[in-house]
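Data first, discussion second: the structure below is written as C-alpha cells.
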Amino acid sequence: MYALYCNICRSLLEKDKLLFSFSLTTRLMQAHHKIPKSEFYFLLTGGVAVDNPYTNPSKEWISEKMWGEICRVTECSSVFTGLKESVMENHITWKELYDSSNAHTHVLPFQW
C-alpha cells in the first residue's frame, strides 16, 4: 500500500498531495471503523443547520454559526457529549482559550 501511495504521489502536483493523503487516510480509517460516519460528515459539512433551541451564552465572541456547530457536534457524536453544556456554563474560560494567540499549546479546559 505504501508503494502505491508513493507512486501516486509522484504523479500529483505538490498542492494536491495533502488532499490525497487526507482522502486516503479517512477512507482507511472508515474501512477499519476508526472514524464514525456521523463525525466524518460533520467534519466535511458542519452538520445540517436547523433552528437552534439553545440560547447562545455569549454573543460577544460566539457567532450564531459557531454556536450552532457546537450544538450540532454535541448531538451528532458521543465523543463530544457535554461540550455544549461546558461552553454554556464556562464560557469565560472558553473565551480565554479562544482569544489566546497560542491556543494550540494550551491544555483544553475541564474534561476536554
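Numbering starts fresh at 1 for the residues of each chain in the C-alpha cells, the chains themselves are lettered A, B, ... in the order given, and ligands are numbered from 1 as they appear.
Taking only C-alpha atoms, the non-local environment of Ser58 (chain A) within 9 Å (same-chain residues fewer than 6 positions away omitted) comprises A:Met88, A:His91, A:Ile92.
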Only N, CA and C atoms, please: the residues just picked out, written as an mmCIF file, in the first residue's frame.
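Saved the output as selection30.cif:
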```
data_model
loop_
_atom_site.group_PDB
_atom_site.id
_atom_site.type_symbol
_atom_site.label_atom_id
_atom_site.label_comp_id
_atom_site.auth_asym_id
_atom_site.auth_seq_id
_atom_site.Cartn_x
_atom_site.Cartn_y
_atom_site.Cartn_z
ATOM 1 N N MET A 88 -21.646 26.506 27.718
ATOM 2 C CA MET A 88 -22.696 27.344 28.321
ATOM 3 C C MET A 88 -22.345 27.736 29.754
ATOM 4 N N HIS A 91 -18.326 29.768 29.734
ATOM 5 C CA HIS A 91 -17.958 30.485 28.510
ATOM 6 C C HIS A 91 -16.810 31.472 28.711
ATOM 7 N N ILE A 92 -16.587 31.932 29.909
ATOM 8 C CA ILE A 92 -15.466 32.853 30.159
ATOM 9 C C ILE A 92 -14.140 32.110 30.011
#
```
Exercise: Ala49 (chain A) partners within 10 Å, only C-alpha atoms, chain neighbours under 6 positions left out, as a list in words: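 After dropping sequence-adjacent residues, the list is Lys65, Gly68, Glu69 and Arg72 of chain A.
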Could you save those same residues with N, CA and C atoms as a PDB file, in the first residue's frame?
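selection.pdb written:
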```pdb
ATOM      1  N   LYS A  65     -23.346  31.071  13.983  1.00  0.00           N
ATOM      2  CA  LYS A  65     -22.890  29.909  13.208  1.00  0.00           C
ATOM      3  C   LYS A  65     -22.033  28.989  14.084  1.00  0.00           C
ATOM      4  N   GLY A  68     -24.199  27.224  16.648  1.00  0.00           N
ATOM      5  CA  GLY A  68     -24.960  26.153  16.005  1.00  0.00           C
ATOM      6  C   GLY A  68     -24.107  24.922  15.768  1.00  0.00           C
ATOM      7  N   GLU A  69     -22.868  25.122  15.353  1.00  0.00           N
ATOM      8  CA  GLU A  69     -21.975  23.980  15.123  1.00  0.00           C
ATOM      9  C   GLU A  69     -21.593  23.295  16.429  1.00  0.00           C
ATOM     10  N   ARG A  72     -24.614  21.203  17.255  1.00  0.00           N
ATOM     11  CA  ARG A  72     -24.768  20.050  16.361  1.00  0.00           C
ATOM     12  C   ARG A  72     -23.719  18.979  16.625  1.00  0.00           C
TER      13      ARG A  72
END
```
Residue nearest Lys84 (chain A) - candidates A:Leu44, A:Ile70, A:Leu28, A:Ala103, atoms counted: only C-alpha atoms: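 Ranking A:Leu44, A:Ile70, A:Leu28, A:Ala103 by distance to Lys84 (chain A), first place goes to A:Ile70.
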All helix (DSSP H, G or I) residues (DSSP, backbone) inside chain A, as a ChimeraX atom specification: /A:2-10,14-31,37-45,64-76,78-80,83-89,91-99,103-105
Can you write just those residues out, C-alpha atoms, as an mmCIF file, in the first residue's frame?
```
data_model
loop_
_atom_site.group_PDB
_atom_site.id
_atom_site.type_symbol
_atom_site.label_atom_id
_atom_site.label_comp_id
_atom_site.auth_asym_id
_atom_site.auth_seq_id
_atom_site.Cartn_x
_atom_site.Cartn_y
_atom_site.Cartn_z
ATOM 1 C CA TYR A 2 2.843 2.364 0.801
ATOM 2 C CA ALA A 3 4.455 1.712 -2.613
ATOM 3 C CA LEU A 4 1.145 2.503 -4.310
ATOM 4 C CA TYR A 5 0.831 5.686 -2.267
ATOM 5 C CA CYS A 6 4.374 6.781 -3.252
ATOM 6 C CA ASN A 7 3.780 6.081 -6.946
ATOM 7 C CA ILE A 8 0.536 8.037 -6.972
ATOM 8 C CA CYS A 9 2.152 10.948 -5.123
ATOM 9 C CA ARG A 10 4.900 11.112 -7.748
ATOM 10 C CA GLU A 14 2.579 19.275 -4.628
ATOM 11 C CA LYS A 15 -0.614 21.170 -3.799
ATOM 12 C CA ASP A 16 -2.718 18.027 -4.317
ATOM 13 C CA LYS A 17 -0.677 15.610 -2.205
ATOM 14 C CA LEU A 18 -2.119 16.763 1.102
ATOM 15 C CA LEU A 19 -5.688 16.362 -0.126
ATOM 16 C CA PHE A 20 -4.891 12.896 -1.489
ATOM 17 C CA SER A 21 -3.288 11.896 1.834
ATOM 18 C CA PHE A 22 -6.316 13.160 3.768
ATOM 19 C CA SER A 23 -8.715 11.300 1.484
ATOM 20 C CA LEU A 24 -6.744 8.061 1.673
ATOM 21 C CA THR A 25 -6.357 8.266 5.452
ATOM 22 C CA THR A 26 -10.033 8.919 6.107
ATOM 23 C CA ARG A 27 -11.064 6.069 3.783
ATOM 24 C CA LEU A 28 -8.720 3.665 5.561
ATOM 25 C CA MET A 29 -9.998 4.811 8.955
ATOM 26 C CA GLN A 30 -13.582 4.301 7.802
ATOM 27 C CA ALA A 31 -12.763 0.819 6.495
ATOM 28 C CA LYS A 37 -19.660 8.300 9.742
ATOM 29 C CA SER A 38 -21.514 10.986 11.661
ATOM 30 C CA GLU A 39 -18.252 12.594 12.843
ATOM 31 C CA PHE A 40 -16.695 12.400 9.381
ATOM 32 C CA TYR A 41 -19.699 14.013 7.709
ATOM 33 C CA PHE A 42 -19.777 16.700 10.387
ATOM 34 C CA LEU A 43 -16.090 17.413 9.665
ATOM 35 C CA LEU A 44 -16.879 17.831 5.966
ATOM 36 C CA THR A 45 -20.162 19.744 6.214
ATOM 37 C CA GLU A 64 -24.553 32.169 15.782
ATOM 38 C CA LYS A 65 -22.890 29.909 13.208
ATOM 39 C CA MET A 66 -20.237 28.792 15.704
ATOM 40 C CA TRP A 67 -22.843 28.206 18.415
ATOM 41 C CA GLY A 68 -24.960 26.153 16.005
ATOM 42 C CA GLU A 69 -21.975 23.980 15.123
ATOM 43 C CA ILE A 70 -21.124 23.446 18.804
ATOM 44 C CA CYS A 71 -24.708 22.316 19.441
ATOM 45 C CA ARG A 72 -24.768 20.050 16.361
ATOM 46 C CA VAL A 73 -21.435 18.349 17.119
ATOM 47 C CA THR A 74 -22.617 17.716 20.685
ATOM 48 C CA GLU A 75 -25.673 15.902 19.314
ATOM 49 C CA CYS A 76 -24.020 14.005 16.436
ATOM 50 C CA SER A 78 -20.896 10.661 21.704
ATOM 51 C CA VAL A 79 -17.275 11.837 21.889
ATOM 52 C CA PHE A 80 -18.473 15.438 22.224
ATOM 53 C CA LEU A 83 -19.405 20.147 25.082
ATOM 54 C CA LYS A 84 -22.416 22.437 24.639
ATOM 55 C CA GLU A 85 -23.123 22.394 28.373
ATOM 56 C CA SER A 86 -19.456 23.025 29.165
ATOM 57 C CA VAL A 87 -19.385 26.085 26.914
ATOM 58 C CA MET A 88 -22.696 27.344 28.321
ATOM 59 C CA GLU A 89 -21.567 27.040 31.948
ATOM 60 C CA HIS A 91 -17.958 30.485 28.510
ATOM 61 C CA ILE A 92 -15.466 32.853 30.159
ATOM 62 C CA THR A 93 -12.835 30.090 30.411
ATOM 63 C CA TRP A 94 -13.535 29.013 26.819
ATOM 64 C CA LYS A 95 -13.210 32.660 25.678
ATOM 65 C CA GLU A 96 -9.726 32.840 27.180
ATOM 66 C CA LEU A 97 -8.737 29.830 25.092
ATOM 67 C CA TYR A 98 -10.462 31.296 22.027
ATOM 68 C CA ASP A 99 -8.605 34.615 22.409
ATOM 69 C CA ALA A 103 -4.235 28.134 21.816
ATOM 70 C CA HIS A 104 -2.730 25.053 20.189
ATOM 71 C CA THR A 105 -0.273 24.752 23.096
#
```
Best match for closeness to Pro36 (chain A) among A:Asn102, A:Ser77, A:Leu108, A:Tyr54, counting only C-alpha atoms: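 Among A:Asn102, A:Ser77, A:Leu108, A:Tyr54, it is A:Ser77 that comes nearest to Pro36 (chain A).
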CA of Pro109 (chain A) to CA of Thr81 (chain A), distance in Å rounded to a single decimal: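 Taking CA of Pro109 (chain A) as the start and CA of Thr81 (chain A) as the end point, the length is 14.7 Å.
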Å distance separating CA of Lys34 (chain A) from CA of Leu12 (chain A), one decimal place: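 Atom-to-atom, CA of Lys34 (chain A) and CA of Leu12 (chain A) are spaced 27.2 Å apart.
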